[in-house]
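J.: My structure file query_18.txt, compact mmCIF, C-alpha atoms, is below:
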# COMPACT_ATOMS: atom_id res chain seq x y z
CA MET A 1 25.90 -37.84 -52.93
CA ASN A 2 28.53 -39.20 -55.27
CA LEU A 3 30.94 -41.65 -53.66
CA ASN A 4 32.30 -43.05 -56.90
CA ASN A 5 35.99 -43.93 -56.57
CA GLU A 6 35.68 -44.00 -52.77
CA LYS A 7 36.62 -47.12 -50.80
CA VAL A 8 35.05 -47.16 -47.35
CA LEU A 9 35.77 -49.46 -44.43
CA VAL A 10 32.73 -50.00 -42.20
CA VAL A 11 33.65 -51.52 -38.83
CA GLY A 12 30.70 -53.12 -37.05
CA ALA A 13 29.01 -53.69 -40.39
CA GLY A 14 26.85 -56.48 -39.00
CA GLY A 15 24.97 -54.17 -36.64
CA LEU A 16 21.72 -52.28 -37.14
CA LEU A 17 23.43 -49.06 -38.24
CA GLY A 18 26.44 -50.67 -39.91
CA SER A 19 24.48 -52.93 -42.23
CA ALA A 20 22.13 -50.13 -43.28
CA LEU A 21 25.16 -47.94 -43.95
CA VAL A 22 26.79 -50.58 -46.17
CA LYS A 23 23.71 -50.58 -48.38
CA GLU A 24 23.57 -46.77 -48.50
CA LEU A 25 27.25 -46.51 -49.43
CA LEU A 26 26.81 -49.01 -52.25
CA LEU A 27 23.80 -47.07 -53.54
CA ASN A 28 25.98 -43.95 -53.62
CA GLY A 29 28.67 -45.66 -55.70
CA ALA A 30 31.27 -46.57 -53.08
CA THR A 31 33.26 -49.75 -52.81
CA VAL A 32 32.79 -51.12 -49.29
CA VAL A 33 34.92 -53.23 -46.99
CA ALA A 34 32.45 -54.62 -44.44
CA ALA A 35 34.19 -55.73 -41.25
CA ASP A 36 32.87 -57.45 -38.15
CA LEU A 37 33.74 -60.13 -35.60
CA ASP A 38 31.22 -62.66 -36.93
CA THR A 39 31.39 -62.84 -40.72
CA LEU A 40 28.55 -65.37 -40.96
CA ARG A 41 26.19 -63.09 -39.05
CA LEU A 42 27.46 -60.16 -41.09
CA THR A 43 26.74 -61.95 -44.37
CA GLU A 44 23.26 -62.89 -43.22
CA ARG A 45 22.56 -59.29 -42.13
CA LEU A 46 23.66 -57.90 -45.50
CA LEU A 47 21.58 -60.47 -47.36
CA SER A 48 18.57 -59.46 -45.25
CA ARG A 49 19.08 -55.93 -46.57
CA GLU A 50 18.98 -57.28 -50.14
CA ILE A 51 22.69 -56.84 -50.74
CA ASP A 52 24.04 -59.46 -53.13
CA VAL A 53 27.38 -60.10 -51.46
CA GLN A 54 28.54 -62.11 -54.49
CA LYS A 55 27.95 -59.33 -57.00
CA ALA A 56 27.96 -56.05 -55.11
CA SER A 57 31.11 -53.96 -54.68
CA VAL A 58 31.54 -55.21 -51.14
CA SER A 59 34.11 -57.44 -49.49
CA ILE A 60 33.57 -59.08 -46.11
CA VAL A 61 36.42 -59.33 -43.61
CA GLU A 62 36.76 -60.53 -40.05
CA LEU A 63 38.18 -57.88 -37.76
CA ASN A 64 38.36 -57.74 -33.97
CA LEU A 65 38.72 -54.08 -33.11
CA THR A 66 39.91 -54.92 -29.59
CA GLU A 67 43.01 -56.78 -30.84
CA ALA A 68 45.85 -54.36 -31.53
CA GLY A 69 47.77 -56.77 -33.74
CA ALA A 70 44.77 -57.57 -35.91
CA VAL A 71 43.93 -53.91 -36.48
CA ALA A 72 47.54 -52.99 -37.28
CA ASP A 73 47.84 -55.94 -39.69
CA PHE A 74 44.66 -54.93 -41.46
CA PHE A 75 45.89 -51.39 -42.15
CA ASN A 76 49.40 -52.54 -43.00
CA ASN A 77 47.95 -54.70 -45.75
CA ALA A 78 45.17 -52.37 -46.87
CA SER A 79 45.22 -50.17 -49.94
CA GLY A 80 43.03 -47.51 -51.47
CA ILE A 81 40.94 -46.76 -48.38
CA THR A 82 39.48 -43.24 -48.47
CA GLY A 83 36.93 -43.49 -45.69
CA VAL A 84 36.36 -45.33 -42.42
CA VAL A 85 33.21 -45.52 -40.28
CA ASN A 86 33.33 -46.99 -36.78
CA SER A 87 29.86 -48.29 -35.94
CA SER A 88 31.12 -51.05 -33.65
CA TYR A 89 30.20 -51.24 -29.97
CA PRO A 90 32.17 -53.94 -28.11
CA ARG A 91 31.08 -54.57 -24.51
CA ASN A 92 31.03 -57.31 -21.90
CA LYS A 93 28.08 -59.37 -20.66
CA SER A 94 27.48 -57.12 -17.64
CA TYR A 95 27.05 -53.99 -19.76
CA GLY A 96 23.82 -52.07 -19.22
CA ASN A 97 23.30 -52.50 -15.49
CA HIS A 98 21.74 -49.71 -13.48
CA PHE A 99 24.18 -47.24 -11.93
CA TYR A 100 24.27 -48.72 -8.41
CA ASP A 101 24.71 -52.23 -9.83
CA VAL A 102 27.79 -51.47 -11.94
CA ASN A 103 31.01 -52.69 -10.38
CA LEU A 104 34.35 -51.05 -11.04
CA SER A 105 35.90 -53.95 -12.94
CA ASP A 106 33.00 -54.09 -15.40
CA PHE A 107 33.04 -50.32 -15.81
CA ASN A 108 36.77 -50.37 -16.55
CA GLU A 109 36.48 -53.33 -18.91
CA ASN A 110 33.71 -51.75 -20.95
CA LEU A 111 35.64 -48.50 -21.30
CA THR A 112 38.71 -50.47 -22.34
CA LEU A 113 36.78 -52.54 -24.88
CA ASN A 114 34.89 -49.66 -26.43
CA LEU A 115 36.84 -46.46 -26.00
CA GLY A 116 40.12 -48.36 -26.20
CA SER A 117 39.16 -49.94 -29.52
CA SER A 118 38.09 -46.55 -30.86
CA PHE A 119 41.47 -45.12 -29.87
CA LEU A 120 43.19 -48.02 -31.62
CA LEU A 121 41.22 -47.53 -34.83
CA MET A 122 41.92 -43.78 -34.88
CA GLN A 123 45.61 -44.37 -34.22
CA GLN A 124 45.92 -46.90 -37.04
CA CYS A 125 43.93 -44.70 -39.43
CA ALA A 126 46.32 -41.84 -38.68
CA LYS A 127 49.35 -44.08 -39.30
CA TYR A 128 47.77 -45.32 -42.53
CA PHE A 129 47.34 -41.71 -43.64
CA GLU A 130 50.91 -40.80 -42.72
CA ARG A 131 52.22 -43.70 -44.82
CA ASN A 132 50.10 -42.98 -47.87
CA LYS A 133 49.47 -39.22 -47.72
CA THR A 134 46.14 -39.63 -49.52
CA PRO A 135 42.87 -38.17 -48.24
CA LEU A 136 41.12 -40.16 -45.52
CA SER A 137 37.84 -39.34 -43.77
CA LEU A 138 37.10 -41.13 -40.48
CA VAL A 139 33.59 -40.95 -39.03
CA ASN A 140 32.98 -41.98 -35.44
CA ILE A 141 29.50 -42.64 -34.08
CA SER A 142 28.86 -40.86 -30.80
CA SER A 143 25.43 -40.05 -29.37
CA ILE A 144 23.24 -37.29 -28.01
CA TYR A 145 24.20 -38.74 -24.63
CA GLY A 146 27.76 -37.82 -25.41
CA VAL A 147 26.55 -34.21 -25.53
CA VAL A 148 23.78 -33.86 -22.93
CA PRO A 149 23.03 -35.69 -19.66
CA PRO A 150 20.46 -38.49 -19.65
CA LYS A 151 16.73 -37.82 -19.43
CA PHE A 152 16.10 -40.54 -16.87
CA GLU A 153 12.38 -39.82 -16.73
CA ILE A 154 11.82 -41.41 -20.15
CA TYR A 155 12.91 -44.79 -18.77
CA GLU A 156 10.20 -44.88 -16.08
CA ASN A 157 7.86 -47.89 -16.25
CA THR A 158 10.50 -49.89 -18.13
CA LYS A 159 13.45 -52.09 -17.20
CA MET A 160 15.68 -49.90 -19.34
CA THR A 161 18.30 -47.41 -18.22
CA MET A 162 20.93 -45.23 -19.82
CA PRO A 163 24.19 -47.04 -18.96
CA ILE A 164 26.84 -44.99 -17.20
CA GLU A 165 29.48 -46.62 -19.42
CA TYR A 166 27.67 -45.32 -22.51
CA ALA A 167 27.77 -41.73 -21.27
CA ALA A 168 31.46 -41.98 -20.43
CA ILE A 169 32.37 -43.61 -23.75
CA LYS A 170 30.37 -41.39 -26.06
CA SER A 171 31.40 -38.10 -24.44
CA SER A 172 35.05 -39.15 -24.40
CA LEU A 173 34.85 -40.18 -28.04
CA ILE A 174 33.96 -36.64 -29.06
CA HIS A 175 37.00 -35.13 -27.38
CA LEU A 176 39.29 -37.96 -28.49
CA SER A 177 38.26 -37.37 -32.11
CA LYS A 178 39.14 -33.70 -31.81
CA TYR A 179 42.48 -34.60 -30.22
CA VAL A 180 43.44 -36.90 -33.12
CA THR A 181 42.33 -34.35 -35.69
CA LYS A 182 44.50 -31.64 -34.17
CA TYR A 183 47.44 -33.97 -33.57
CA VAL A 184 47.66 -34.94 -37.25
CA ALA A 185 46.81 -31.38 -38.35
CA ASP A 186 46.45 -32.06 -42.06
CA SER A 187 43.28 -31.13 -43.94
CA ARG A 188 43.54 -34.34 -45.95
CA PHE A 189 43.00 -36.39 -42.78
CA ARG A 190 39.62 -35.72 -41.25
CA VAL A 191 37.99 -37.11 -38.11
CA ASN A 192 34.36 -36.19 -37.50
CA LEU A 193 31.43 -37.61 -35.60
CA VAL A 194 27.72 -38.18 -35.99
CA SER A 195 25.68 -38.19 -32.79
CA PRO A 196 22.27 -39.76 -33.34
CA GLY A 197 19.30 -39.60 -31.08
CA GLY A 198 17.68 -42.89 -30.12
CA ILE A 199 17.27 -45.34 -32.99
CA PHE A 200 14.14 -47.48 -33.11
CA ASP A 201 14.77 -51.13 -32.34
CA TYR A 202 11.45 -52.34 -30.92
CA GLN A 203 11.84 -50.70 -27.52
CA PRO A 204 8.94 -50.81 -24.99
CA GLU A 205 5.91 -48.72 -25.91
CA ASP A 206 6.06 -46.60 -22.72
CA PHE A 207 9.62 -45.63 -23.56
CA LEU A 208 8.82 -44.83 -27.19
CA LYS A 209 5.95 -42.57 -26.12
CA ALA A 210 8.02 -40.77 -23.49
CA TYR A 211 10.94 -40.35 -25.88
CA LYS A 212 8.71 -38.88 -28.60
CA GLY A 213 7.54 -36.26 -26.13
CA LYS A 214 11.12 -34.96 -25.97
CA THR A 215 11.38 -34.39 -29.73
CA PHE A 216 9.67 -32.10 -32.21
CA GLY A 217 7.49 -34.94 -33.44
CA LYS A 218 9.64 -37.68 -34.95
CA GLY A 219 10.31 -39.66 -31.82
CA MET A 220 12.86 -42.45 -32.17
CA LEU A 221 14.82 -42.24 -35.39
CA ASP A 222 14.70 -44.82 -38.15
CA VAL A 223 18.21 -46.05 -38.83
CA ASN A 224 18.07 -44.51 -42.33
CA ASP A 225 17.61 -41.05 -40.78
CA VAL A 226 21.24 -41.12 -39.66
CA LEU A 227 22.88 -42.23 -42.90
CA GLY A 228 22.83 -38.93 -44.79
CA ALA A 229 25.08 -37.19 -42.26
CA ILE A 230 27.59 -40.04 -42.45
CA VAL A 231 27.63 -40.09 -46.24
CA PHE A 232 28.10 -36.31 -46.25
CA LEU A 233 31.17 -36.59 -44.02
CA LEU A 234 32.64 -39.26 -46.30
CA SER A 235 32.05 -37.22 -49.45
CA SER A 236 33.98 -34.38 -51.08
CA MET A 237 31.15 -32.03 -50.07
CA SER A 238 32.63 -31.99 -46.55
CA SER A 239 36.26 -31.61 -47.61
CA PHE A 240 37.10 -29.03 -44.95
CA VAL A 241 34.78 -30.21 -42.18
CA ASN A 242 37.16 -31.49 -39.53
CA GLY A 243 36.81 -32.30 -35.84
CA GLN A 244 33.07 -31.66 -35.85
CA ASN A 245 30.10 -33.44 -34.29
CA ILE A 246 26.84 -33.52 -36.26
CA ILE A 247 23.79 -34.11 -34.03
CA VAL A 248 20.81 -35.86 -35.65
CA ASP A 249 18.05 -36.02 -33.02
CA ASP A 250 14.97 -33.97 -34.04
CA GLY A 251 15.55 -31.62 -31.14
CA PHE A 252 15.94 -34.18 -28.33
CA SER A 253 19.10 -32.52 -27.07
CA LEU A 254 17.33 -29.14 -26.94
CA TYR A 255 14.70 -30.17 -24.39
Is it possible to give me this structure as structure tokens?
T.:
Amino acid sequence: MNLNNEKVLVVGAGGLLGSALVKELLLNGATVVAADLDTLRLTERLLSREIDVQKASVSIVELNLTEAGAVADFFNNASGITGVVNSSYPRNKSYGNHFYDVNLSDFNENLTLNLGSSFLLMQQCAKYFERNKTPLSLVNISSIYGVVPPKFEIYENTKMTMPIEYAAIKSSLIHLSKYVTKYVADSRFRVNLVSPGGIFDYQPEDFLKAYKGKTFGKGMLDVNDVLGAIVFLLSSMSSFVNGQNIIVDDGFSLY
């Protein structure tokens, strides 16, 4: 898809999905602003994906999505942004405990860090649009577990679980995106979501086998399997797609 003349902010660009997306956007002709907390790690991640950060149409910025002032300052000083993708996932050190081991303060903190930062980004994107009145497409990354309840059986024989915070955050993100879309109510400002199935990241073999049994054959997704839906939502081909959630999971949510 042609993203020439598009300028896309990728938040969480140093992550597995974010760094792959930066490369895909560049290949499709976009100019990219790659933002993350740790710019050194971000640079190393982009270099590992064979992105020449000195020559490519990419700029690297430090951005803490949990700091209201930093996010507001970024958008107050930004220009020409036509697309934003939020692939960040801030969380505390206790994130990922099993249900009975999660205490209330950690639960609240993780929702504040993650869902709160997503709210902040959407709010500032909306304000940016209102100031400039130029088209802006925001893509949030939710999950199949924002749509369907967990399949706890696939975690048997592993130390893994599906964190309760994750379910709360990803399901809320879907409704919050629709809220913002309807609040602004302008077809030039679009907020959509992509909800991937599980993405391969060297999980235990028992889990990978059990997960594959809940799909039509693919099993865990490669990170590149998710990129096409995001690029579509950033492109002019989705000009009137607004407030929608695209599920990419090879049927996992149907089982």
J.: Identify, on the basis of all atoms listed in the file, every residue whose closest approach to Ala210 (chain A) does not exceed 12 Å; exclude the query and any residue fewer than 5 positions from it along the same chain; express the result as number ranges by chain.
T.: A: 151-158, 198, 203-205, 215, 217-220, 252
J.: Expressed in Å to a single decimal, how great is the separation between CA of Ile230 (chain A) and CA of Val85 (chain A)?
T.: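 One can read the CA of Ile230 (chain A) to CA of Val85 (chain A) distance as 8.1 Å.
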J.: Just to confirm, what's the straight-line distance from CA of His175 (chain A) to CA of Ser118 (chain A) in Å (one decimal)?
T.: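 CA of His175 (chain A) sits 12.0 Å away from CA of Ser118 (chain A).
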J.: Using only C-alpha atoms, which residue out of A:Gly96, A:Gly29, A:Gly243, A:Pro196 lies closest to Ile174 (chain A)?
T.: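 For Ile174 (chain A), the nearest of the candidates is A:Gly243.
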J.: One decimal, Å: what's the distance from CA of Phe99 (chain A) over to CA of Leu254 (chain A), could you say?
T.: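 If I compute the distance from CA of Phe99 (chain A) to CA of Leu254 (chain A), I get 24.5 Å.
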J.: Closest to Val53 (chain A) among A:Leu26, A:Leu193, A:Leu173, A:Leu37, using all atoms listed in the file?
T.: A:Leu26
J.: If you count only C-alpha atoms, which residues fall within 8 Å of Val84 (chain A), apart from same-chain ones fewer than 3 positions away, as a PyMOL selection string?
T.: chain A and resi 8-11+81+136-139
J.: Can you write just those residues out, C-alpha atoms, as a compact mmCIF listing (two decimals), in the coordinates of the input?
T.:
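So again29.txt came out as:
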# COMPACT_ATOMS: atom_id res chain seq x y z
CA VAL A 8 35.05 -47.16 -47.35
CA LEU A 9 35.77 -49.46 -44.43
CA VAL A 10 32.73 -50.00 -42.20
CA VAL A 11 33.65 -51.52 -38.83
CA ILE A 81 40.94 -46.76 -48.38
CA LEU A 136 41.12 -40.16 -45.52
CA SER A 137 37.84 -39.34 -43.77
CA LEU A 138 37.10 -41.13 -40.48
CA VAL A 139 33.59 -40.95 -39.03
J.: For the point (26.0, -37.5, -42.2) in file coordinates, what residues are within 9 Å, counting all atoms listed in the file? Give the answer as a list of chain:residue names?
T.: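 Protein, DNA and RNA residues close to (26.0, -37.5, -42.2): A:Val139, A:Leu193, A:Val194, A:Val226, A:Leu227, A:Gly228, A:Ala229, A:Ile230, A:Val231, A:Phe232, A:Leu233, A:Leu234, A:Ile246, A:Val248.
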J.: Taking into account only C-alpha atoms, which residue in the set A:Leu65, A:Val71, A:Ala126, A:Val191 is nearest to Tyr89 (chain A)?
T.: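 Distance minimum relative to Tyr89 (chain A) lands on A:Leu65.
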J.: Quick one: residues within 12 Å of (23.2, -38.5, -21.4) (file frame), counting all atoms listed in the file, please, as a PyMOL selection string.
T.: chain A and resi 142-154+161-171+195+197-198+252-253
J.: I'd like the contact shell of Glu130 (chain A) - 12 Å cut-off, all atoms listed in the file, skipping same-chain residues fewer than 5 positions apart - returned as a PyMOL selection string.
T.: chain A and resi 75-76+123-125+135-136+183-186+188-189
J.: When you count all atoms listed in the file, which of these residues is closest to Phe74 (chain A): A:Ser88, A:Leu121, A:Thr181, A:Arg45?
T.: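 Ranked by minimum distance to Phe74 (chain A), first place goes to A:Leu121.
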J.: Check the smallest atom-to-atom distance from each of A:Ser87, A:Ser177, A:Ser79, A:Leu104 to Thr134 (chain A) using only C-alpha atoms, then report the winner.
T.: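 When distances to Thr134 (chain A) are compared using only C-alpha atoms, the smallest one comes from A:Ser79.
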J.: When you count only C-alpha atoms, which of these residues is closest to Leu63 (chain A): A:Arg91, A:Ala35, A:Leu16, A:His98?
T.: A:Ala35
J.: Please put the answer as lines of an AutoDock Vina configuration file: centre and edge lengths, in Å with one decimal, of a box along x, y and z that encloses all listed atoms of region 227-239 of chain A plus 3 Å on each side.
T.:
center_x = 29.5
center_y = -36.9
center_z = -46.7
size_x = 19.4
size_y = 16.6
size_z = 14.8
